[in-house]
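Inspection log for the structure reproduced underneath, given as structure tokens.
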Amino acid sequence: MMKVKCIKLLDNLTREPLESSSWLSVGREYQVLSVLITNSCPVEYRLIANDGQIPAMYKADQFEMISNVLPLNWVVSYDADSYFELAPKSWITPGFWEAYFDGEPEAIQLFNTEKNIIFKQNT
């Protein structure tokens, strides 16, 4: 499935190079959980950070593509004036990520179900 390798670390705001990060490691491969393109940011990947738990968005310019095979559970969501997203359908439902980070059990279960589908396709 879609995998990337971290090739550099950049500060999220200033875009200045970083020596290290607790979230990402140069040389490490990451499974891409979703892709988002907005007017304000060219391309971002949702990945699970080094802690193995937190799904977060990272700017794509820190990575190189290892595999470009799209997961079978991704759908396209877009608004011609603001964004284009590839992700599992349940994740692009309005309010999903707020519910997930608020710890709502249904959102956590949906996240884990879709994440497991993505990771199983990689084996």
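Ligands are numbered from 1 in the order shown, chains are lettered A, B, ... in the order of the structure tokens, and residues start at 1 in each chain.
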Pick out the residues sitting within 12 Å of Thr113 (chain A), and hand them over as an NGL selection string; count only C-alpha atoms, and ignore anything fewer than 4 positions along from it in its own chain. :A and (73 or 88-91 or 106-109 or 117-120)
Write the residues of the preceding selection, restricted to N, CA, C and O atoms, as a short mmCIF file (atom, residue, chain, number, x, y, z; two decimals), in the first residue's frame.
data_model
loop_
_atom_site.label_atom_id
_atom_site.label_comp_id
_atom_site.auth_asym_id
_atom_site.auth_seq_id
_atom_site.Cartn_x
_atom_site.Cartn_y
_atom_site.Cartn_z
N ASN A 73 -9.80 0.82 0.59
CA ASN A 73 -10.89 1.47 1.34
C ASN A 73 -10.87 3.00 1.23
O ASN A 73 -11.66 3.66 1.87
N PRO A 88 -10.40 6.79 3.99
CA PRO A 88 -11.59 5.97 4.21
C PRO A 88 -12.83 6.86 4.37
O PRO A 88 -12.74 7.94 4.97
N LYS A 89 -13.94 6.39 3.85
CA LYS A 89 -15.17 7.19 3.85
C LYS A 89 -15.58 7.65 5.25
O LYS A 89 -15.97 8.80 5.44
N SER A 90 -15.47 6.79 6.23
CA SER A 90 -15.90 7.17 7.59
C SER A 90 -15.04 8.29 8.16
O SER A 90 -15.51 9.07 9.00
N TRP A 91 -13.80 8.41 7.72
CA TRP A 91 -12.91 9.44 8.25
C TRP A 91 -13.20 10.82 7.68
O TRP A 91 -12.80 11.84 8.25
N GLU A 106 -17.05 5.22 19.41
CA GLU A 106 -17.45 4.87 18.04
C GLU A 106 -16.42 5.37 17.03
O GLU A 106 -16.07 4.66 16.08
N ALA A 107 -15.92 6.58 17.21
CA ALA A 107 -14.92 7.14 16.29
C ALA A 107 -13.61 6.36 16.40
O ALA A 107 -12.96 6.08 15.38
N ILE A 108 -13.22 6.00 17.59
CA ILE A 108 -11.99 5.22 17.78
C ILE A 108 -12.13 3.86 17.12
O ILE A 108 -11.21 3.39 16.44
N GLN A 109 -13.29 3.24 17.25
CA GLN A 109 -13.52 1.95 16.62
C GLN A 109 -13.47 2.08 15.09
O GLN A 109 -12.87 1.24 14.41
N ILE A 117 -7.64 -2.28 7.98
CA ILE A 117 -7.82 -2.63 6.57
C ILE A 117 -6.61 -2.15 5.76
O ILE A 117 -6.07 -2.90 4.94
N ILE A 118 -6.19 -0.92 6.00
CA ILE A 118 -5.04 -0.37 5.28
C ILE A 118 -3.78 -1.19 5.57
O ILE A 118 -3.06 -1.58 4.65
N PHE A 119 -3.52 -1.47 6.84
CA PHE A 119 -2.31 -2.21 7.20
C PHE A 119 -2.35 -3.65 6.72
O PHE A 119 -1.31 -4.18 6.32
N LYS A 120 -3.51 -4.30 6.71
CA LYS A 120 -3.60 -5.67 6.25
C LYS A 120 -3.34 -5.78 4.75
O LYS A 120 -2.83 -6.80 4.29
#
With a distance cut-off of 10 Å and only C-alpha atoms, select the neighbouring residues of Met65 (chain A), excluding the residue or stretch itself and same-chain residues fewer than 4 positions from it, and output the selection as a list in words.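 Using only C-alpha atoms, the neighbours found are Met2, Lys3, Val4, Lys5, Cys6, Glu29, Tyr30, Val32 and Ala60 of chain A.
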Please run DSSP on the backbone and report, as number ranges by chain, all residues within region 35-104 of chain A that come out as helix (DSSP H, G or I). A: 60-62, 89-92, 96-101
Excluding region 9-24 of chain A and residues on its chain fewer than 3 positions from it, collect all residues at most 9 Å away from it, counting only C-alpha atoms, and give them as a VMD selection string. chain A and resid 6 28 48 to 51 58 to 59 61 to 63
Quick one: everything within 10 Å of Met1 (chain A), counting only C-alpha atoms, minus sequence neighbours fewer than 5 positions away in the same chain. Send it as a VMD selection string. chain A and resid 31 to 33 66 to 72 118 to 123
Resulting file, chosen residues, N, CA, C and O atoms, as a PDB file, in the first residue's frame:
ATOM      1  N   GLN A  31       3.382   4.091   6.846  1.00  0.00           N
ATOM      2  CA  GLN A  31       2.187   3.767   6.068  1.00  0.00           C
ATOM      3  C   GLN A  31       1.336   5.026   5.968  1.00  0.00           C
ATOM      4  O   GLN A  31       1.054   5.668   6.974  1.00  0.00           O
ATOM      5  N   VAL A  32       0.921   5.399   4.766  1.00  0.00           N
ATOM      6  CA  VAL A  32       0.063   6.569   4.575  1.00  0.00           C
ATOM      7  C   VAL A  32      -1.386   6.149   4.826  1.00  0.00           C
ATOM      8  O   VAL A  32      -1.888   5.227   4.195  1.00  0.00           O
ATOM      9  N   LEU A  33      -2.042   6.849   5.756  1.00  0.00           N
ATOM     10  CA  LEU A  33      -3.425   6.545   6.103  1.00  0.00           C
ATOM     11  C   LEU A  33      -4.410   7.374   5.289  1.00  0.00           C
ATOM     12  O   LEU A  33      -5.550   6.963   5.084  1.00  0.00           O
ATOM     13  N   ILE A  66       7.682   5.441  -1.376  1.00  0.00           N
ATOM     14  CA  ILE A  66       8.238   4.090  -1.442  1.00  0.00           C
ATOM     15  C   ILE A  66       7.294   3.203  -2.250  1.00  0.00           C
ATOM     16  O   ILE A  66       7.721   2.397  -3.053  1.00  0.00           O
ATOM     17  N   SER A  67       5.982   3.352  -2.006  1.00  0.00           N
ATOM     18  CA  SER A  67       4.959   2.602  -2.732  1.00  0.00           C
ATOM     19  C   SER A  67       3.774   3.529  -2.970  1.00  0.00           C
ATOM     20  O   SER A  67       3.329   4.214  -2.054  1.00  0.00           O
ATOM     21  N   ASN A  68       3.263   3.548  -4.192  1.00  0.00           N
ATOM     22  CA  ASN A  68       2.141   4.433  -4.522  1.00  0.00           C
ATOM     23  C   ASN A  68       0.834   3.676  -4.761  1.00  0.00           C
ATOM     24  O   ASN A  68      -0.077   4.194  -5.384  1.00  0.00           O
ATOM     25  N   VAL A  69       0.729   2.452  -4.237  1.00  0.00           N
ATOM     26  CA  VAL A  69      -0.488   1.662  -4.377  1.00  0.00           C
ATOM     27  C   VAL A  69      -1.520   2.175  -3.372  1.00  0.00           C
ATOM     28  O   VAL A  69      -1.258   2.235  -2.177  1.00  0.00           O
ATOM     29  N   LEU A  70      -2.695   2.557  -3.867  1.00  0.00           N
ATOM     30  CA  LEU A  70      -3.722   3.133  -3.000  1.00  0.00           C
ATOM     31  C   LEU A  70      -4.507   2.045  -2.275  1.00  0.00           C
ATOM     32  O   LEU A  70      -4.888   1.038  -2.878  1.00  0.00           O
ATOM     33  N   PRO A  71      -4.777   2.245  -0.986  1.00  0.00           N
ATOM     34  CA  PRO A  71      -5.596   1.290  -0.239  1.00  0.00           C
ATOM     35  C   PRO A  71      -6.993   1.153  -0.848  1.00  0.00           C
ATOM     36  O   PRO A  71      -7.580   2.122  -1.345  1.00  0.00           O
ATOM     37  N   LEU A  72      -7.547  -0.040  -0.772  1.00  0.00           N
ATOM     38  CA  LEU A  72      -8.854  -0.317  -1.360  1.00  0.00           C
ATOM     39  C   LEU A  72      -9.999   0.407  -0.654  1.00  0.00           C
ATOM     40  O   LEU A  72     -11.056   0.602  -1.245  1.00  0.00           O
ATOM     41  N   ILE A 118      -6.194  -0.922   5.999  1.00  0.00           N
ATOM     42  CA  ILE A 118      -5.037  -0.374   5.282  1.00  0.00           C
ATOM     43  C   ILE A 118      -3.782  -1.187   5.573  1.00  0.00           C
ATOM     44  O   ILE A 118      -3.056  -1.580   4.652  1.00  0.00           O
ATOM     45  N   PHE A 119      -3.524  -1.473   6.838  1.00  0.00           N
ATOM     46  CA  PHE A 119      -2.307  -2.208   7.204  1.00  0.00           C
ATOM     47  C   PHE A 119      -2.347  -3.651   6.720  1.00  0.00           C
ATOM     48  O   PHE A 119      -1.313  -4.183   6.323  1.00  0.00           O
ATOM     49  N   LYS A 120      -3.511  -4.295   6.713  1.00  0.00           N
ATOM     50  CA  LYS A 120      -3.603  -5.672   6.250  1.00  0.00           C
ATOM     51  C   LYS A 120      -3.340  -5.784   4.748  1.00  0.00           C
ATOM     52  O   LYS A 120      -2.826  -6.798   4.288  1.00  0.00           O
ATOM     53  N   GLN A 121      -3.685  -4.758   4.000  1.00  0.00           N
ATOM     54  CA  GLN A 121      -3.413  -4.781   2.563  1.00  0.00           C
ATOM     55  C   GLN A 121      -1.929  -4.722   2.286  1.00  0.00           C
ATOM     56  O   GLN A 121      -1.491  -5.054   1.199  1.00  0.00           O
ATOM     57  N   ASN A 122      -1.168  -4.311   3.267  1.00  0.00           N
ATOM     58  CA  ASN A 122       0.278  -4.174   3.106  1.00  0.00           C
ATOM     59  C   ASN A 122       1.003  -5.492   3.315  1.00  0.00           C
ATOM     60  O   ASN A 122       2.164  -5.611   2.995  1.00  0.00           O
ATOM     61  N   THR A 123       0.305  -6.497   3.844  1.00  0.00           N
ATOM     62  CA  THR A 123       0.995  -7.753   4.134  1.00  0.00           C
ATOM     63  C   THR A 123       0.877  -8.725   2.997  1.00  0.00           C
ATOM     64  O   THR A 123       0.100  -8.602   2.098  1.00  0.00           O
TER      65      THR A 123
END
Picked from region 17-113 of chain A by DSSP as strand (DSSP E), as a PyMOL selection string: chain A and resi 29-31+34-38+44-48+55-59+63-67+74-79+83-88
Please save N, CA, C and O atoms of the selected residues as a tab-separated table (two decimals), in the first residue's frame.
chain	number	residue	atom	x	y	z
A	29	GLU	N	10.24	4.30	7.42
A	29	GLU	CA	9.10	4.20	6.50
A	29	GLU	C	7.80	4.31	7.29
A	29	GLU	O	7.71	3.81	8.42
A	30	TYR	N	6.81	4.94	6.67
A	30	TYR	CA	5.51	5.13	7.30
A	30	TYR	C	4.41	4.74	6.32
A	30	TYR	O	4.48	5.06	5.13
A	31	GLN	N	3.38	4.09	6.85
A	31	GLN	CA	2.19	3.77	6.07
A	31	GLN	C	1.34	5.03	5.97
A	31	GLN	O	1.05	5.67	6.97
A	34	SER	N	-3.99	8.56	4.86
A	34	SER	CA	-4.81	9.41	4.00
A	34	SER	C	-3.94	10.51	3.41
A	34	SER	O	-2.83	10.76	3.88
A	35	VAL	N	-4.47	11.15	2.37
A	35	VAL	CA	-3.78	12.25	1.69
A	35	VAL	C	-4.74	13.43	1.61
A	35	VAL	O	-5.92	13.25	1.26
A	36	LEU	N	-4.23	14.61	1.93
A	36	LEU	CA	-5.05	15.82	1.89
A	36	LEU	C	-4.30	16.92	1.13
A	36	LEU	O	-3.12	17.16	1.39
A	37	ILE	N	-5.00	17.56	0.21
A	37	ILE	CA	-4.47	18.71	-0.53
A	37	ILE	C	-5.46	19.84	-0.32
A	37	ILE	O	-6.65	19.68	-0.58
A	38	THR	N	-4.96	20.98	0.18
A	38	THR	CA	-5.82	22.14	0.40
A	38	THR	C	-5.22	23.36	-0.27
A	38	THR	O	-4.06	23.34	-0.69
A	44	GLU	N	-0.48	16.89	2.21
A	44	GLU	CA	-0.18	16.38	3.54
A	44	GLU	C	-0.57	14.92	3.60
A	44	GLU	O	-1.54	14.50	2.96
A	45	TYR	N	0.20	14.16	4.37
A	45	TYR	CA	-0.10	12.75	4.61
A	45	TYR	C	-0.53	12.58	6.07
A	45	TYR	O	0.07	13.17	6.96
A	46	ARG	N	-1.53	11.75	6.29
A	46	ARG	CA	-1.86	11.35	7.66
A	46	ARG	C	-1.10	10.06	7.92
A	46	ARG	O	-1.24	9.08	7.19
A	47	LEU	N	-0.27	10.09	8.94
A	47	LEU	CA	0.58	8.98	9.32
A	47	LEU	C	0.44	8.72	10.81
A	47	LEU	O	0.04	9.62	11.56
A	48	ILE	N	0.84	7.56	11.24
A	48	ILE	CA	0.95	7.31	12.67
A	48	ILE	C	2.40	7.59	13.04
A	48	ILE	O	3.33	7.03	12.45
A	55	PRO	N	-2.47	9.41	15.03
A	55	PRO	CA	-2.52	9.74	13.61
A	55	PRO	C	-2.48	11.26	13.45
A	55	PRO	O	-3.32	11.98	13.99
A	56	ALA	N	-1.50	11.74	12.72
A	56	ALA	CA	-1.35	13.19	12.55
A	56	ALA	C	-0.97	13.51	11.11
A	56	ALA	O	-0.52	12.65	10.36
A	57	MET	N	-1.18	14.78	10.75
A	57	MET	CA	-0.88	15.25	9.40
A	57	MET	C	0.55	15.78	9.33
A	57	MET	O	0.98	16.53	10.21
A	58	TYR	N	1.25	15.40	8.26
A	58	TYR	CA	2.62	15.84	8.03
A	58	TYR	C	2.76	16.29	6.58
A	58	TYR	O	2.24	15.62	5.67
A	59	LYS	N	3.45	17.38	6.37
A	59	LYS	CA	3.66	17.90	5.02
A	59	LYS	C	4.50	16.92	4.20
A	59	LYS	O	5.49	16.39	4.67
A	63	PHE	N	9.07	13.68	2.80
A	63	PHE	CA	9.05	12.25	2.49
A	63	PHE	C	9.33	11.99	1.02
A	63	PHE	O	9.12	12.84	0.16
A	64	GLU	N	9.76	10.76	0.75
A	64	GLU	CA	9.81	10.25	-0.61
A	64	GLU	C	8.88	9.04	-0.67
A	64	GLU	O	8.70	8.33	0.31
A	65	MET	N	8.30	8.84	-1.83
A	65	MET	CA	7.35	7.75	-2.03
A	65	MET	C	8.10	6.42	-2.15
A	65	MET	O	9.05	6.31	-2.93
A	66	ILE	N	7.68	5.44	-1.38
A	66	ILE	CA	8.24	4.09	-1.44
A	66	ILE	C	7.29	3.20	-2.25
A	66	ILE	O	7.72	2.40	-3.05
A	67	SER	N	5.98	3.35	-2.01
A	67	SER	CA	4.96	2.60	-2.73
A	67	SER	C	3.77	3.53	-2.97
A	67	SER	O	3.33	4.21	-2.05
A	74	TRP	N	-10.00	3.55	0.39
A	74	TRP	CA	-9.99	5.00	0.21
A	74	TRP	C	-11.06	5.43	-0.77
A	74	TRP	O	-11.37	4.73	-1.75
A	75	VAL	N	-11.64	6.59	-0.51
A	75	VAL	CA	-12.56	7.25	-1.44
A	75	VAL	C	-12.06	8.67	-1.66
A	75	VAL	O	-11.20	9.16	-0.92
A	76	VAL	N	-12.60	9.33	-2.66
A	76	VAL	CA	-12.25	10.71	-2.95
A	76	VAL	C	-13.31	11.63	-2.35
A	76	VAL	O	-14.50	11.39	-2.49
A	77	SER	N	-12.84	12.67	-1.70
A	77	SER	CA	-13.72	13.73	-1.21
A	77	SER	C	-13.09	15.04	-1.65
A	77	SER	O	-11.86	15.22	-1.53
A	78	TYR	N	-13.90	15.95	-2.18
A	78	TYR	CA	-13.31	17.22	-2.59
A	78	TYR	C	-14.35	18.32	-2.67
A	78	TYR	O	-15.55	18.08	-2.77
A	79	ASP	N	-13.84	19.50	-2.59
A	79	ASP	CA	-14.58	20.73	-2.87
A	79	ASP	C	-13.67	21.49	-3.82
A	79	ASP	O	-12.52	21.80	-3.45
A	83	TYR	N	-10.44	21.82	-1.16
A	83	TYR	CA	-9.65	20.65	-0.79
A	83	TYR	C	-9.92	19.44	-1.69
A	83	TYR	O	-10.94	19.37	-2.38
A	84	PHE	N	-8.98	18.50	-1.63
A	84	PHE	CA	-9.07	17.19	-2.27
A	84	PHE	C	-8.50	16.21	-1.28
A	84	PHE	O	-7.39	16.41	-0.76
A	85	GLU	N	-9.25	15.14	-0.96
A	85	GLU	CA	-8.79	14.19	0.05
A	85	GLU	C	-9.02	12.77	-0.41
A	85	GLU	O	-10.05	12.44	-1.00
A	86	LEU	N	-8.06	11.91	-0.10
A	86	LEU	CA	-8.16	10.47	-0.29
A	86	LEU	C	-8.08	9.85	1.10
A	86	LEU	O	-7.09	10.04	1.81
A	87	ALA	N	-9.14	9.15	1.51
A	87	ALA	CA	-9.20	8.58	2.85
A	87	ALA	C	-10.36	7.60	2.93
A	87	ALA	O	-11.25	7.61	2.07
A	88	PRO	N	-10.40	6.79	3.99
A	88	PRO	CA	-11.59	5.97	4.21
A	88	PRO	C	-12.83	6.86	4.37
A	88	PRO	O	-12.74	7.94	4.97
As an exercise, work out the distance from CA of Val26 (chain A) to CA of Lys8 (chain A) in Å and give it to one decimal place.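 These two atoms are separated by 5.7 Å.
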